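The next block holds one structure in the form of structure tokens; read it before the comments.
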Amino acid sequence: MTHKAGVINFMPYLLFSFSKGDAAAIETELLRDYKFGQQQLIELWGQACALAITKAYPLSALSKKQPTVLVICGPDENGSIGLVCARHLRIFDYEPTVYHPKRSSHSLHQDFTIQCEKMDIPFLSYLPTEVQLINDAYNLVIDAMLGLEADSSNIKEPYSGILVTLKQIKIPIVSVDVPSGWDAEEPSQDGINPEVLISLIAPKKCALNFSGKHFLAGRFLPYDIQKKYELNLPDYAGTDCLLEL
């Protein structure tokens with residue numbers, strides 16, 4: 001492991017094989033054997049994502065007068081993480097707006113949505129197709145749409161249309177775990193181009209091709225699981241719950 005300007009060179013750690021199957025197995029063990037709750041995991045990840053955003057885009061560095069952020073949420077776990085992230089960003093004095101085109105019937109997802117609504121976080125009824133409107137209104141977009149469980153070869157509406165829009169915007173994109181439209185197992189050739197990637201637990205194979213600012217959120221992971229899956233993760237500094245790779 002090498003250090004440069006306070007950032008860890010993570011490339012040796014990206015050489016291990018961390019697949020969709022590994023990620024699913026680890027989450028199952030956390031829920032079944034270690035008695036983590038799903039709400040607990042989503043809360044940990046969502047808060048860490050918000051903290052990563054404050055590090056990558058501090059309030060004082062935002063280009064617009066208002067600290068506006070657009071959070072695009074999908075119907076599955078990544079979408080729930082996006083909702084929690086939006087709530088924490090609001091606590092950190094950002095002004096998040098959520099676009100949530102297909103809401104899940106899962107009770108946890110509904111609870112996270114209500115929490116955002118109770119904090120007066122606005123929800124868009126539609127995403128403008130005129131890209132300049134998004135560029136003008138927001139400082140950045142948080143991509144919490146499709147994530148690890150999505151089939152990148154069969155993306156349906158409304159998400160296929162949203163991806164077309166995201167490929168055209170000029171403001172930064174922050175992706176949660178796996179950029180929407182990317183295959184978790186393969187580097188992307190024609191997907192969106194986020195400036196920031198926030199990996200959960202450990203980077204997925206597709207992160208080998210990512211050259212932007214990269215954060216890892218997974219300090220809570222029990223040591224025995226790290227050893228079992230040979231994750232070989234770097235050390236987190238002090239009491240930090242995430243690190244920049």
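Chain identifiers are assigned as A, B, and so on, following the order in which chains appear in the structure tokens; residues are numbered from 1 within each chain, and ligands are numbered from 1 in order of appearance.
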
Quick one: residues within 10 Å of A:Ala184, only C-alpha atoms, excluding same-chain residues fewer than 3 positions away - as a short mmCIF file (atom, residue, chain, number, x, y, z; two decimals) with all heavy atoms, in the first residue's frame?
```
data_model
loop_
_atom_site.label_atom_id
_atom_site.label_comp_id
_atom_site.auth_asym_id
_atom_site.auth_seq_id
_atom_site.Cartn_x
_atom_site.Cartn_y
_atom_site.Cartn_z
N PHE A 18 -13.90 -9.54 -6.26
CA PHE A 18 -15.07 -9.30 -5.41
C PHE A 18 -16.27 -9.19 -6.33
O PHE A 18 -16.49 -8.19 -6.99
CB PHE A 18 -14.89 -8.02 -4.58
CG PHE A 18 -15.95 -7.86 -3.53
CD1 PHE A 18 -15.95 -8.64 -2.39
CD2 PHE A 18 -16.96 -6.92 -3.69
CE1 PHE A 18 -16.94 -8.50 -1.43
CE2 PHE A 18 -17.94 -6.78 -2.73
CZ PHE A 18 -17.93 -7.56 -1.59
N SER A 19 -17.04 -10.25 -6.39
CA SER A 19 -18.11 -10.38 -7.38
C SER A 19 -19.47 -10.06 -6.77
O SER A 19 -19.61 -9.87 -5.56
CB SER A 19 -18.13 -11.81 -7.93
OG SER A 19 -18.49 -12.71 -6.89
N LYS A 20 -20.49 -10.05 -7.63
CA LYS A 20 -21.87 -9.91 -7.15
C LYS A 20 -22.23 -11.03 -6.18
O LYS A 20 -22.91 -10.82 -5.18
CB LYS A 20 -22.83 -9.91 -8.34
CG LYS A 20 -22.74 -8.70 -9.23
CD LYS A 20 -23.62 -8.83 -10.47
CE LYS A 20 -25.09 -8.84 -10.14
NZ LYS A 20 -25.93 -8.75 -11.36
N GLY A 147 -27.63 -0.06 -9.06
CA GLY A 147 -26.79 -0.77 -8.12
C GLY A 147 -26.41 -2.19 -8.53
O GLY A 147 -26.51 -2.60 -9.68
N LEU A 148 -25.99 -2.93 -7.52
CA LEU A 148 -25.39 -4.25 -7.72
C LEU A 148 -26.36 -5.26 -8.32
O LEU A 148 -25.98 -6.11 -9.12
CB LEU A 148 -24.88 -4.75 -6.36
CG LEU A 148 -24.04 -6.02 -6.34
CD1 LEU A 148 -22.69 -5.77 -7.00
CD2 LEU A 148 -23.85 -6.48 -4.91
N GLU A 149 -27.64 -5.20 -7.93
CA GLU A 149 -28.58 -6.24 -8.32
C GLU A 149 -29.14 -6.09 -9.72
O GLU A 149 -29.82 -6.96 -10.23
CB GLU A 149 -29.74 -6.32 -7.31
CG GLU A 149 -30.50 -5.03 -7.09
CD GLU A 149 -29.90 -4.13 -6.01
OE1 GLU A 149 -30.05 -4.40 -4.83
OE2 GLU A 149 -29.26 -3.14 -6.42
N ALA A 150 -28.85 -4.98 -10.38
CA ALA A 150 -29.46 -4.70 -11.68
C ALA A 150 -28.79 -5.49 -12.81
O ALA A 150 -27.59 -5.79 -12.75
CB ALA A 150 -29.37 -3.21 -11.98
N ASP A 151 -29.58 -5.81 -13.82
CA ASP A 151 -29.08 -6.45 -15.04
C ASP A 151 -28.77 -5.35 -16.05
O ASP A 151 -29.67 -4.77 -16.64
CB ASP A 151 -30.13 -7.42 -15.58
CG ASP A 151 -29.69 -8.10 -16.87
OD1 ASP A 151 -28.55 -7.85 -17.33
OD2 ASP A 151 -30.49 -8.87 -17.43
N SER A 152 -27.49 -5.06 -16.23
CA SER A 152 -27.11 -3.93 -17.08
C SER A 152 -27.45 -4.16 -18.55
O SER A 152 -27.49 -3.21 -19.34
CB SER A 152 -25.60 -3.66 -16.96
OG SER A 152 -24.85 -4.79 -17.39
N ASP A 177 -21.95 2.55 -5.06
CA ASP A 177 -21.51 1.16 -5.18
C ASP A 177 -21.19 0.73 -6.60
O ASP A 177 -20.05 0.39 -6.90
CB ASP A 177 -22.54 0.22 -4.55
CG ASP A 177 -21.91 -1.10 -4.14
OD1 ASP A 177 -20.69 -1.11 -3.84
OD2 ASP A 177 -22.62 -2.12 -4.09
N VAL A 178 -22.18 0.72 -7.49
CA VAL A 178 -21.98 0.38 -8.90
C VAL A 178 -22.68 1.44 -9.72
O VAL A 178 -23.90 1.62 -9.58
CB VAL A 178 -22.54 -1.01 -9.25
CG1 VAL A 178 -22.40 -1.28 -10.74
CG2 VAL A 178 -21.86 -2.10 -8.43
N PRO A 179 -21.97 2.18 -10.58
CA PRO A 179 -22.64 3.19 -11.39
C PRO A 179 -23.78 2.58 -12.20
O PRO A 179 -23.62 1.50 -12.79
CB PRO A 179 -21.52 3.72 -12.30
CG PRO A 179 -20.26 3.46 -11.52
CD PRO A 179 -20.51 2.17 -10.81
N SER A 180 -24.92 3.23 -12.23
CA SER A 180 -26.08 2.70 -12.95
C SER A 180 -25.75 2.50 -14.42
O SER A 180 -25.15 3.36 -15.06
CB SER A 180 -27.27 3.65 -12.80
OG SER A 180 -27.72 3.66 -11.47
N GLY A 181 -26.13 1.34 -14.93
CA GLY A 181 -25.83 1.00 -16.31
C GLY A 181 -24.54 0.21 -16.46
O GLY A 181 -24.29 -0.35 -17.53
N PRO A 187 -15.55 -3.80 -16.37
CA PRO A 187 -15.38 -2.37 -16.59
C PRO A 187 -16.35 -1.86 -17.64
O PRO A 187 -16.66 -2.56 -18.60
CB PRO A 187 -13.93 -2.25 -17.07
CG PRO A 187 -13.24 -3.47 -16.54
CD PRO A 187 -14.29 -4.55 -16.59
N SER A 188 -16.86 -0.65 -17.44
CA SER A 188 -17.85 -0.09 -18.35
C SER A 188 -17.21 0.47 -19.61
O SER A 188 -16.15 1.09 -19.57
CB SER A 188 -18.64 1.02 -17.66
OG SER A 188 -19.51 1.65 -18.57
N PRO A 203 -14.67 -2.63 -3.07
CA PRO A 203 -14.90 -2.32 -4.49
C PRO A 203 -15.27 -3.56 -5.29
O PRO A 203 -14.78 -4.65 -5.02
CB PRO A 203 -13.54 -1.75 -4.95
CG PRO A 203 -12.91 -1.27 -3.69
CD PRO A 203 -13.33 -2.24 -2.63
N LYS A 204 -16.15 -3.38 -6.26
CA LYS A 204 -16.54 -4.46 -7.14
C LYS A 204 -15.58 -4.50 -8.34
O LYS A 204 -14.79 -3.59 -8.55
CB LYS A 204 -17.99 -4.26 -7.62
CG LYS A 204 -18.97 -3.93 -6.49
CD LYS A 204 -18.90 -4.88 -5.31
CE LYS A 204 -19.87 -4.52 -4.19
NZ LYS A 204 -19.46 -3.36 -3.40
N LYS A 205 -15.67 -5.55 -9.13
CA LYS A 205 -14.73 -5.72 -10.24
C LYS A 205 -14.74 -4.54 -11.20
O LYS A 205 -13.72 -4.16 -11.76
CB LYS A 205 -15.03 -7.02 -10.99
CG LYS A 205 -14.67 -8.27 -10.23
CD LYS A 205 -14.95 -9.51 -11.08
CE LYS A 205 -14.55 -10.78 -10.35
NZ LYS A 205 -14.81 -11.98 -11.17
N CYS A 206 -15.93 -3.96 -11.41
CA CYS A 206 -16.03 -2.86 -12.36
C CYS A 206 -15.20 -1.64 -11.94
O CYS A 206 -14.86 -0.81 -12.77
CB CYS A 206 -17.49 -2.44 -12.55
SG CYS A 206 -18.28 -1.78 -11.07
N ALA A 207 -14.86 -1.54 -10.64
CA ALA A 207 -14.10 -0.39 -10.16
C ALA A 207 -12.67 -0.38 -10.67
O ALA A 207 -11.99 0.64 -10.58
CB ALA A 207 -14.11 -0.37 -8.63
#
```

#### Entry: 9 Å contact set for stretch 120-124 of chain A, only C-alpha atoms, chain neighbours under 6 positions out, as a ChimeraX atom specification
/A:86-87,90,95-101

### Task
Just give me the gap between atom CA of A:Asn193 and atom CA of A:Leu51 in Å, one decimal is fine.
21.0 Å

### Task
Within stretch 112-193 of chain A, find each residue whose DSSP state, derived from the backbone, is strand (DSSP E or B), and express the selection as a PyMOL selection string.
chain A and resi 123-124+140-144+173-176

Considering only C-alpha atoms, give me a table of residues in stretch 45-147 of chain A that are at most 6 Å from stretch 158-175 of chain A, with the closest atom pair and distance in Å for each, as CSV.
```
residue,atom,partner,partner_atom,distance
A:Val131,CA,A:Ile169,CA,5.8
A:Asn135,CA,A:Ile171,CA,5.8
A:Leu140,CA,A:Pro172,CA,4.9
A:Val141,CA,A:Ile173,CA,4.8
A:Ile142,CA,A:Val174,CA,4.7
A:Asp143,CA,A:Ser175,CA,4.6
```

Take the residues from that selection and put them in a file with all heavy atoms, as a PDB file, in the first residue's frame.
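Dumped to out-v9.pdb:
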```pdb
ATOM      1  N   VAL A 131     -31.543  18.915 -20.538  1.00  0.00           N
ATOM      2  CA  VAL A 131     -30.405  18.700 -19.650  1.00  0.00           C
ATOM      3  C   VAL A 131     -29.949  19.988 -18.973  1.00  0.00           C
ATOM      4  O   VAL A 131     -29.557  19.983 -17.799  1.00  0.00           O
ATOM      5  CB  VAL A 131     -29.245  18.060 -20.441  1.00  0.00           C
ATOM      6  CG1 VAL A 131     -27.991  17.960 -19.590  1.00  0.00           C
ATOM      7  CG2 VAL A 131     -29.658  16.684 -20.944  1.00  0.00           C
ATOM      8  N   ASN A 135     -28.500  21.032 -15.144  1.00  0.00           N
ATOM      9  CA  ASN A 135     -27.202  21.690 -14.944  1.00  0.00           C
ATOM     10  C   ASN A 135     -27.346  22.992 -14.172  1.00  0.00           C
ATOM     11  O   ASN A 135     -26.519  23.330 -13.318  1.00  0.00           O
ATOM     12  CB  ASN A 135     -26.537  21.975 -16.289  1.00  0.00           C
ATOM     13  CG  ASN A 135     -26.103  20.712 -17.017  1.00  0.00           C
ATOM     14  OD1 ASN A 135     -25.860  19.677 -16.402  1.00  0.00           O
ATOM     15  ND2 ASN A 135     -26.007  20.801 -18.335  1.00  0.00           N
ATOM     16  N   LEU A 140     -24.717  18.892  -8.161  1.00  0.00           N
ATOM     17  CA  LEU A 140     -24.313  17.536  -8.507  1.00  0.00           C
ATOM     18  C   LEU A 140     -25.512  16.605  -8.449  1.00  0.00           C
ATOM     19  O   LEU A 140     -26.551  16.957  -7.892  1.00  0.00           O
ATOM     20  CB  LEU A 140     -23.212  17.019  -7.578  1.00  0.00           C
ATOM     21  CG  LEU A 140     -23.531  16.932  -6.093  1.00  0.00           C
ATOM     22  CD1 LEU A 140     -22.975  15.641  -5.501  1.00  0.00           C
ATOM     23  CD2 LEU A 140     -22.897  18.118  -5.360  1.00  0.00           C
ATOM     24  N   VAL A 141     -25.345  15.427  -9.034  1.00  0.00           N
ATOM     25  CA  VAL A 141     -26.378  14.386  -9.044  1.00  0.00           C
ATOM     26  C   VAL A 141     -25.831  13.154  -8.338  1.00  0.00           C
ATOM     27  O   VAL A 141     -24.695  12.734  -8.587  1.00  0.00           O
ATOM     28  CB  VAL A 141     -26.790  14.012 -10.483  1.00  0.00           C
ATOM     29  CG1 VAL A 141     -27.732  12.815 -10.468  1.00  0.00           C
ATOM     30  CG2 VAL A 141     -27.438  15.185 -11.184  1.00  0.00           C
ATOM     31  N   ILE A 142     -26.634  12.585  -7.449  1.00  0.00           N
ATOM     32  CA  ILE A 142     -26.273  11.335  -6.790  1.00  0.00           C
ATOM     33  C   ILE A 142     -27.044  10.205  -7.459  1.00  0.00           C
ATOM     34  O   ILE A 142     -28.277  10.211  -7.484  1.00  0.00           O
ATOM     35  CB  ILE A 142     -26.582  11.396  -5.291  1.00  0.00           C
ATOM     36  CG1 ILE A 142     -25.773  12.524  -4.637  1.00  0.00           C
ATOM     37  CG2 ILE A 142     -26.254  10.059  -4.612  1.00  0.00           C
ATOM     38  CD1 ILE A 142     -26.211  12.854  -3.245  1.00  0.00           C
ATOM     39  N   ASP A 143     -26.308   9.272  -8.022  1.00  0.00           N
ATOM     40  CA  ASP A 143     -26.878   8.130  -8.733  1.00  0.00           C
ATOM     41  C   ASP A 143     -27.041   6.976  -7.750  1.00  0.00           C
ATOM     42  O   ASP A 143     -26.085   6.267  -7.437  1.00  0.00           O
ATOM     43  CB  ASP A 143     -25.953   7.757  -9.893  1.00  0.00           C
ATOM     44  CG  ASP A 143     -26.128   6.326 -10.365  1.00  0.00           C
ATOM     45  OD1 ASP A 143     -27.272   5.820 -10.318  1.00  0.00           O
ATOM     46  OD2 ASP A 143     -25.117   5.709 -10.784  1.00  0.00           O
TER      47      ASP A 143
END
```

Can you pull out the residues contacting A:Ala217? Cut-off 9 Å, using only C-alpha atoms, and skip same-chain residues under 3 positions away; I want them as an mmCIF file with N, CA and C atoms, in the first residue's frame.
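Contents of the output file selection-v8.cif:
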```
data_model
loop_
_atom_site.group_PDB
_atom_site.id
_atom_site.type_symbol
_atom_site.label_atom_id
_atom_site.label_comp_id
_atom_site.auth_asym_id
_atom_site.auth_seq_id
_atom_site.Cartn_x
_atom_site.Cartn_y
_atom_site.Cartn_z
ATOM 1 N N LEU A 44 -26.245 2.649 7.829
ATOM 2 C CA LEU A 44 -24.791 2.787 7.859
ATOM 3 C C LEU A 44 -24.259 3.235 6.500
ATOM 4 N N TRP A 45 -24.732 2.594 5.439
ATOM 5 C CA TRP A 45 -24.252 2.921 4.101
ATOM 6 C C TRP A 45 -24.704 4.310 3.654
ATOM 7 N N ALA A 48 -22.692 6.967 5.436
ATOM 8 C CA ALA A 48 -21.327 7.002 4.899
ATOM 9 C C ALA A 48 -21.291 7.667 3.529
ATOM 10 N N CYS A 49 -22.301 7.410 2.698
ATOM 11 C CA CYS A 49 -22.350 8.051 1.381
ATOM 12 C C CYS A 49 -22.465 9.569 1.521
ATOM 13 N N ALA A 52 -19.132 10.931 2.501
ATOM 14 C CA ALA A 52 -18.217 10.955 1.352
ATOM 15 C C ALA A 52 -18.494 12.168 0.464
ATOM 16 N N ILE A 198 -18.675 5.622 -4.653
ATOM 17 C CA ILE A 198 -18.650 5.225 -3.251
ATOM 18 C C ILE A 198 -18.912 3.719 -3.193
ATOM 19 N N SER A 199 -17.869 2.941 -2.971
ATOM 20 C CA SER A 199 -18.003 1.489 -2.897
ATOM 21 C C SER A 199 -18.466 1.084 -1.508
ATOM 22 N N LEU A 200 -19.370 0.103 -1.441
ATOM 23 C CA LEU A 200 -19.898 -0.398 -0.187
ATOM 24 C C LEU A 200 -19.284 -1.760 0.121
ATOM 25 N N ILE A 201 -18.804 -1.943 1.323
ATOM 26 C CA ILE A 201 -18.098 -3.138 1.810
ATOM 27 C C ILE A 201 -16.707 -3.222 1.190
ATOM 28 N N ALA A 202 -16.655 -3.374 -0.133
ATOM 29 C CA ALA A 202 -15.387 -3.423 -0.861
ATOM 30 C C ALA A 202 -15.670 -3.095 -2.320
ATOM 31 N N PHE A 220 -17.602 -1.165 9.331
ATOM 32 C CA PHE A 220 -18.353 -1.984 10.293
ATOM 33 C C PHE A 220 -18.192 -3.482 10.056
ATOM 34 N N CYS A 241 -15.410 6.422 9.280
ATOM 35 C CA CYS A 241 -16.205 5.280 8.823
ATOM 36 C C CYS A 241 -16.055 5.056 7.320
ATOM 37 N N LEU A 242 -15.263 5.916 6.657
ATOM 38 C CA LEU A 242 -14.982 5.718 5.243
ATOM 39 C C LEU A 242 -13.576 6.221 4.970
ATOM 40 N N LEU A 243 -13.041 5.830 3.831
ATOM 41 C CA LEU A 243 -11.722 6.321 3.440
ATOM 42 C C LEU A 243 -11.695 6.579 1.943
#
```

### Task
Give the answer as one residue: which of A:Glu186, A:Ala61, A:Pro194, A:Glu29 has the shortest atom-to-atom distance to A:Leu208, using only C-alpha atoms?
A:Glu186

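Distance-wise, atom CA of A:Tyr126 and atom CA of A:Ala56 end up 27.3 Å apart.
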
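Rounded to one decimal, atom CA of A:Met119 and atom CA of A:Val69 lie 15.1 Å from each other.
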
### Message
I'd like to know which residues of stretch 17-198 of chain A are helix (DSSP H, G or I) (by DSSP, run on the backbone); could you write them as a PyMOL selection string?
### Response
chain A and resi 20-32+38-56+59-61+77-91+107-118+131-137+159-166
